[in-house]
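Notes for the one structure printed next.
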Amino acid sequence: MLLKELLNGIQVSRIEGSIDKRIDAIYYDSRKVTPGALFFCIEGFRFDGHDFAGEAVAKGAQAVVLRKDVPLPQYVTKVFVEDTRLAMALISRAFYGYPARNIPIIGVTGTNGKTTVTYLIKSILEDAGKKVGLIGTIANMIGPKMLPAERTTPESVDLQKLFKDMQDEGVDAIVMEVSSHSLSLKRVAGVEFEVGVFTNLTQDHLDFHNTLEEYREAKAKLFLQSRQAAINIDDETGRMFAEKVQGPLWTYGISRTAQVFARDIEITSKGVLFQLFLPDGSSMISLNIPGLFSVYNALAAATACHALGVPLHNIRAGLEKVKGIPGRFELLNTGTEYSVIIDYAHTPDGLENVLKTARDFTKGRVITVFGCGGDRDPSKRPIMGEVAGRYSDFCIITSDNPRNEDPMAIIQQIIPGVKKTACPYVVIEDRREAIAYALNHGRAGDVIILAGKGHETYQILKNNQVIPFDEREVVAELLGKEKV
Ligand SMILES: CC(=O)N[C@H]1[C@@H](OP(=O)(O)OP(=O)(O)OC[C@H]2O[C@@H](n3ccc(=O)[nH]c3=O)[C@H](O)[C@@H]2O)O[C@H](CO)[C@@H](O)[C@@H]1O[C@H](C)C(=O)N[C@@H](C)C(=O)N[C@H](CCC(=O)O)C(=O)O
Ligand SMILES: Nc1ncnc2c1ncn2[C@@H]1O[C@H](COP(=O)(O)OP(=O)(O)OP(=O)(O)O)[C@@H](O)[C@H]1O
Ligand SMILES: N[C@H](CCC[C@H](N)C(=O)O)C(=O)O
Ligand SMILES: [Mg+2]
């Protein structure tokens, strides 16, 4: 494709060099550049991509998109823009031929529940006979085909490429998680969502967004680029968003008067049962994921699918077909007198929801094994400690993904929270040993919650060292079983 075609409609401040050249590939990482490419200079948190323009050109880049001048050979075209991330998103869309133009996209944002809601929506749409693309934390999927996912919401170049693959494979709809990082960093700029879904907003990511207000503003952006909105109005932020929405609005909730709601809720150790009310009918729903939060996730999915015109019978059948979501309140088949549940709770609110749910049905104690991720919001650590202490009978404080931090330093920040409660605890830095301790001390009827790592199959240590760590395998090994 010619560079001038890619620049159609892009706000450019100045161009140096020819725009009549062919562009064969696009990159934001100089290490990956191939001949005939266009390179985007991104000013990052660690590096400035402008410093790598020379390397990109040495590898064959013919043009660069940049904000400030850098010395490059004469033949290289320089396209100056105000915001290289925004230009990258819009140019990527053009490069891949506007792949999502005719595919409805459902975007799900919120602190907790995004992955779960996207899985539920996929199941409902599939029940309605659609081929669905899914983009999110656990994996990206095209129908049943699984593709690896590095981030919750991919960088714009990678996202548009994924849309293209989905278009080529004939998907009828795309459902994706839209993280606050992606909204701030313009990874989804230029994407037109058919429905924007909001789950909830509680504390997380204050390392990145600085304040809760800034975090909320980032999430709000999704609704400026969504034709319709499906919003949880039991959540305070949801109510704020609902007031500002311009297009068709669908509200859901339990405690307030919403268009989509649930009544007669029954929560068991296996799941939830409730009467779902949509504007055009109602039905009893049985979902195989426990916890009141699962009712909210089901309402979010039902509301989004109703907005898309999916009939109630598909909504019911789609929700009921979901057997569980990897690493989300996943009960392991341990064959022990105590239960072991793996869950991805890594925020105060997520942990509270999961532990409350475990409390509701435990016949013994709730034993919680948890830590907090390194290089992430440190202010959530004592709060998670307090939540764990409040809802557990025993806590084992351990490591999550320490990344570049000292694991014991993270644990020291969790302890003051636990100490605010009367809950007894031990500290076992090594996560495998911590899990072993929990299994050795489990008694009949106890529920052991392994929180924070969910579906993850690795642990991230210093200098991005990634070691295999799949909690299902760890538990199986510790119990001397093939599989759990
Ligand atoms: C905080 C954050 O989101 N950072 C993203 C950001 O990284 P950065 O600003 O640090 O980039 P950088 O390393 O400084 O590099 C700047 C530029 O120079 C380029 N470069 C760098 C080195 C080199 O040799 N050559 C080169 O060209 C880089 O490719 C980049 O374009 O821009 C990079 C390129 O787009 C992203 O890969 C990176 O995501 C990192 C990996 C990340 O961990 N992000 C997490 C926090 C994240 O996005 N999480 C959310 C989920 C959160 C949730 O809701 O739970 C997600 O959507 O996944
Ligand atoms: N609606 C909800 N409200 C509160 N907590 C929830 C809700 N849904 C799930 N959780 C808790 O949060 C954890 C993460 O859920 P899920 O993976 O669906 O969220 P997410 O928003 O995709 O998270 P991430 O931001 O890491 O991608 C679950 O394991 C559970 O503990
Ligand atoms: N998307 C979240 C996942 C956190 C998972 C937890 N295991 C951790 O590493 O903190 C994040 O990147 O903050
Ligand atoms: Mg997710």
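Quick note on naming: the chains in the structure tokens go A, B, ... in the order shown, residues restart at 1 in each chain, and ligands are numbered from 1 in order of appearance.
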Go through the chains and note each residue within 7 Å of ligand 3, using only C-alpha atoms and all ligand atoms, then give the set as a CSV table (one decimal) with C-alpha atoms, in the first residue's frame.
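Saved file pocket-v8.csv follows:
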```
chain,number,residue,atom,x,y,z
A,152,THR,CA,-5.5,-7.9,27.9
A,205,HIS,CA,-3.8,0.4,38.7
A,344,TYR,CA,-7.7,-14.5,39.6
A,346,HIS,CA,-5.9,-9.5,42.4
A,372,CYS,CA,0.3,-8.9,45.3
A,373,GLY,CA,2.0,-8.3,42.0
A,374,GLY,CA,5.2,-6.4,41.9
A,376,ARG,CA,1.9,-2.7,40.2
A,400,ASP,CA,2.3,-13.3,43.3
A,401,ASN,CA,4.4,-12.1,40.3
A,452,GLY,CA,-4.2,-13.9,42.3
A,453,LYS,CA,-2.8,-16.0,39.5
```
Around ligand 2, at most 8 Å away and counting only C-alpha atoms and all ligand atoms, which residues are there? Put them as an mmCIF file with C-alpha atoms, in the first residue's frame, please.
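Contents of selection08.cif, as written:
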```
data_model
loop_
_atom_site.group_PDB
_atom_site.id
_atom_site.type_symbol
_atom_site.label_atom_id
_atom_site.label_comp_id
_atom_site.auth_asym_id
_atom_site.auth_seq_id
_atom_site.Cartn_x
_atom_site.Cartn_y
_atom_site.Cartn_z
ATOM 1 C CA THR A 109 -14.387 -2.378 30.427
ATOM 2 C CA GLY A 110 -14.332 -2.210 34.247
ATOM 3 C CA THR A 111 -11.982 -3.181 37.063
ATOM 4 C CA ASN A 112 -13.263 -6.732 37.525
ATOM 5 C CA GLY A 113 -15.260 -9.160 35.436
ATOM 6 C CA LYS A 114 -14.086 -8.233 31.917
ATOM 7 C CA THR A 115 -12.691 -11.653 31.031
ATOM 8 C CA THR A 116 -15.697 -13.423 32.500
ATOM 9 C CA VAL A 117 -18.209 -11.216 30.695
ATOM 10 C CA GLY A 136 -8.626 -10.693 26.211
ATOM 11 C CA THR A 137 -6.420 -11.625 29.140
ATOM 12 C CA THR A 152 -5.468 -7.859 27.882
ATOM 13 C CA GLU A 177 -11.760 -6.629 26.884
ATOM 14 C CA SER A 179 -8.366 -2.226 29.592
ATOM 15 C CA THR A 199 -18.858 -3.807 34.807
ATOM 16 C CA ASN A 200 -17.629 -1.826 37.827
ATOM 17 C CA PHE A 293 -20.645 -11.058 41.314
ATOM 18 C CA SER A 294 -21.429 -13.813 38.798
ATOM 19 C CA VAL A 295 -25.030 -12.596 38.632
ATOM 20 C CA TYR A 296 -23.669 -9.155 37.718
ATOM 21 C CA ASN A 297 -21.424 -10.671 35.053
ATOM 22 C CA GLY A 327 -8.799 -19.659 36.690
ATOM 23 C CA ARG A 328 -12.025 -17.897 37.667
ATOM 24 C CA PHE A 329 -13.411 -19.552 40.812
ATOM 25 C CA ASP A 343 -9.136 -17.592 41.381
ATOM 26 C CA TYR A 344 -7.709 -14.530 39.632
ATOM 27 C CA ALA A 345 -8.711 -12.030 42.336
ATOM 28 C CA HIS A 346 -5.917 -9.452 42.362
ATOM 29 C CA THR A 347 -7.788 -6.356 43.510
ATOM 30 C CA ASP A 349 -12.865 -5.818 45.445
ATOM 31 C CA GLY A 350 -12.194 -9.037 43.525
ATOM 32 C CA LEU A 351 -10.739 -10.650 46.646
ATOM 33 C CA GLU A 352 -13.638 -9.516 48.802
ATOM 34 C CA ASN A 353 -16.193 -10.951 46.378
ATOM 35 C CA VAL A 354 -14.466 -14.277 46.103
ATOM 36 C CA ALA A 451 -5.914 -16.126 44.793
ATOM 37 C CA GLY A 452 -4.242 -13.855 42.271
ATOM 38 C CA GLY A 454 -5.883 -17.717 38.080
#
```
Have a look at A:Met166, A:Met88, A:Ile428, A:Leu134 and name the one nearest to ligand 4; count only C-alpha atoms and all ligand atoms.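 Of all the options, A:Leu134 lies closest to ligand 4.
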Of A:Asn464, A:Thr268, A:Ser226, A:Gln62, the one sitting nearest ligand 1 when using only C-alpha atoms and all ligand atoms is A:Asn464
Output the neighbourhood of ligand 1 as a list in words, that is, all protein and nucleic acid residues with some atom at most 6 Å from the ligand, counting only C-alpha atoms and all ligand atoms.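 With only C-alpha atoms and all ligand atoms and a cut-off of 6 Å, ligand 1 is contacted by Tyr28, Asp29, Ser30, Arg31, Ile42, Glu43, Gly44, Phe45, Arg46, Phe47, Asp48, Gly49, Phe52, Arg151, Thr152, Thr153, Glu155, Ser179, Ser180, His181 and Ser182 of chain A.
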Would you compute the distance between atom CA of A:Asp280 and atom CA of A:Ile121? Give it in Å to one decimal.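 Distance between the two atoms: 18.6 Å.
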Near A:Asp127, counting only C-alpha atoms, which residues have an atom at most 10 Å away, once you skip same-chain residues fewer than 2 positions from it, shown as a list in words? Ile121, Lys122, Ser123, Ile124, Leu125, Gly129, Lys130, Lys131, Val310, His313, Asn314, Ile315, Arg316, Ala317, Gly318, Leu319 and Lys321 of chain A
Run DSSP on the backbone of this structure and report the residues of stretch 278-323 of chain A it assigns to helix (DSSP H, G or I), as a ChimeraX atom specification. /A:292-307,312-321
With only C-alpha atoms as the counted atoms, please give the residues lying no more than 8 Å from stretch 3-10 of chain A, apart from itself and same-chain residues fewer than 2 positions off, as a ChimeraX atom specification. /A:1,12,19-23,87,90-91,94-95
Have a look at atom CA of A:Leu212 and atom CA of A:Pro407 and let me know their distance in Å, one decimal. 25.9 Å
Please determine, counting only C-alpha atoms and all ligand atoms, which residue among A:Leu332, A:Val322, A:Leu461, A:Met176 has the shortest atom-to-atom distance to ligand 4.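 Under the stated criterion, the closest residue is A:Met176.
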Considering only C-alpha atoms, state which residue in the set A:Ile460, A:Ile415, A:Leu224, A:Leu38 is at the smallest distance from A:Val64.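 Residue with the minimum atom-to-atom distance to A:Val64: A:Leu38.
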So, with only C-alpha atoms and all ligand atoms as the atoms that count, which of A:Arg216, A:Lys483, A:His455, A:Lys161 lies closest to ligand 4?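 Comparing A:Arg216, A:Lys483, A:His455, A:Lys161 against ligand 4, the winner is A:His455.
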Residue among A:Glu213, A:Glu456, A:Asp377, A:Asp360 lying closest to ligand 4, counting only C-alpha atoms and all ligand atoms: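 Going through A:Glu213, A:Glu456, A:Asp377, A:Asp360 one by one, the smallest distance to ligand 4 is for A:Glu456.
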Can you pull out every residue within 12 Å of A:Lys419, counting only C-alpha atoms, but drop anything in the same chain fewer than 4 positions away, and send it as number ranges by chain? A: 382-390, 395, 397, 412-415, 423-426
Determine, counting only C-alpha atoms, which protein, DNA and RNA residues have an atom within 6 Å of an atom of A:Leu287; residues of the same chain fewer than 2 positions away are not included. Present the result as an mmCIF file with C-alpha atoms, in the first residue's frame.
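Now in selection.cif:
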```
data_model
loop_
_atom_site.group_PDB
_atom_site.id
_atom_site.type_symbol
_atom_site.label_atom_id
_atom_site.label_comp_id
_atom_site.auth_asym_id
_atom_site.auth_seq_id
_atom_site.Cartn_x
_atom_site.Cartn_y
_atom_site.Cartn_z
ATOM 1 C CA GLY A 271 -23.191 -21.567 40.869
ATOM 2 C CA VAL A 272 -26.074 -19.121 40.863
ATOM 3 C CA ILE A 289 -20.046 -19.863 38.423
ATOM 4 C CA GLU A 320 -26.125 -22.085 30.846
#
```
One decimal, Å: what's the distance from atom CA of A:Thr398 over to atom CA of A:Glu433, could you say?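 Spanning atom CA of A:Thr398 to atom CA of A:Glu433 is a straight-line distance of 9.0 Å.
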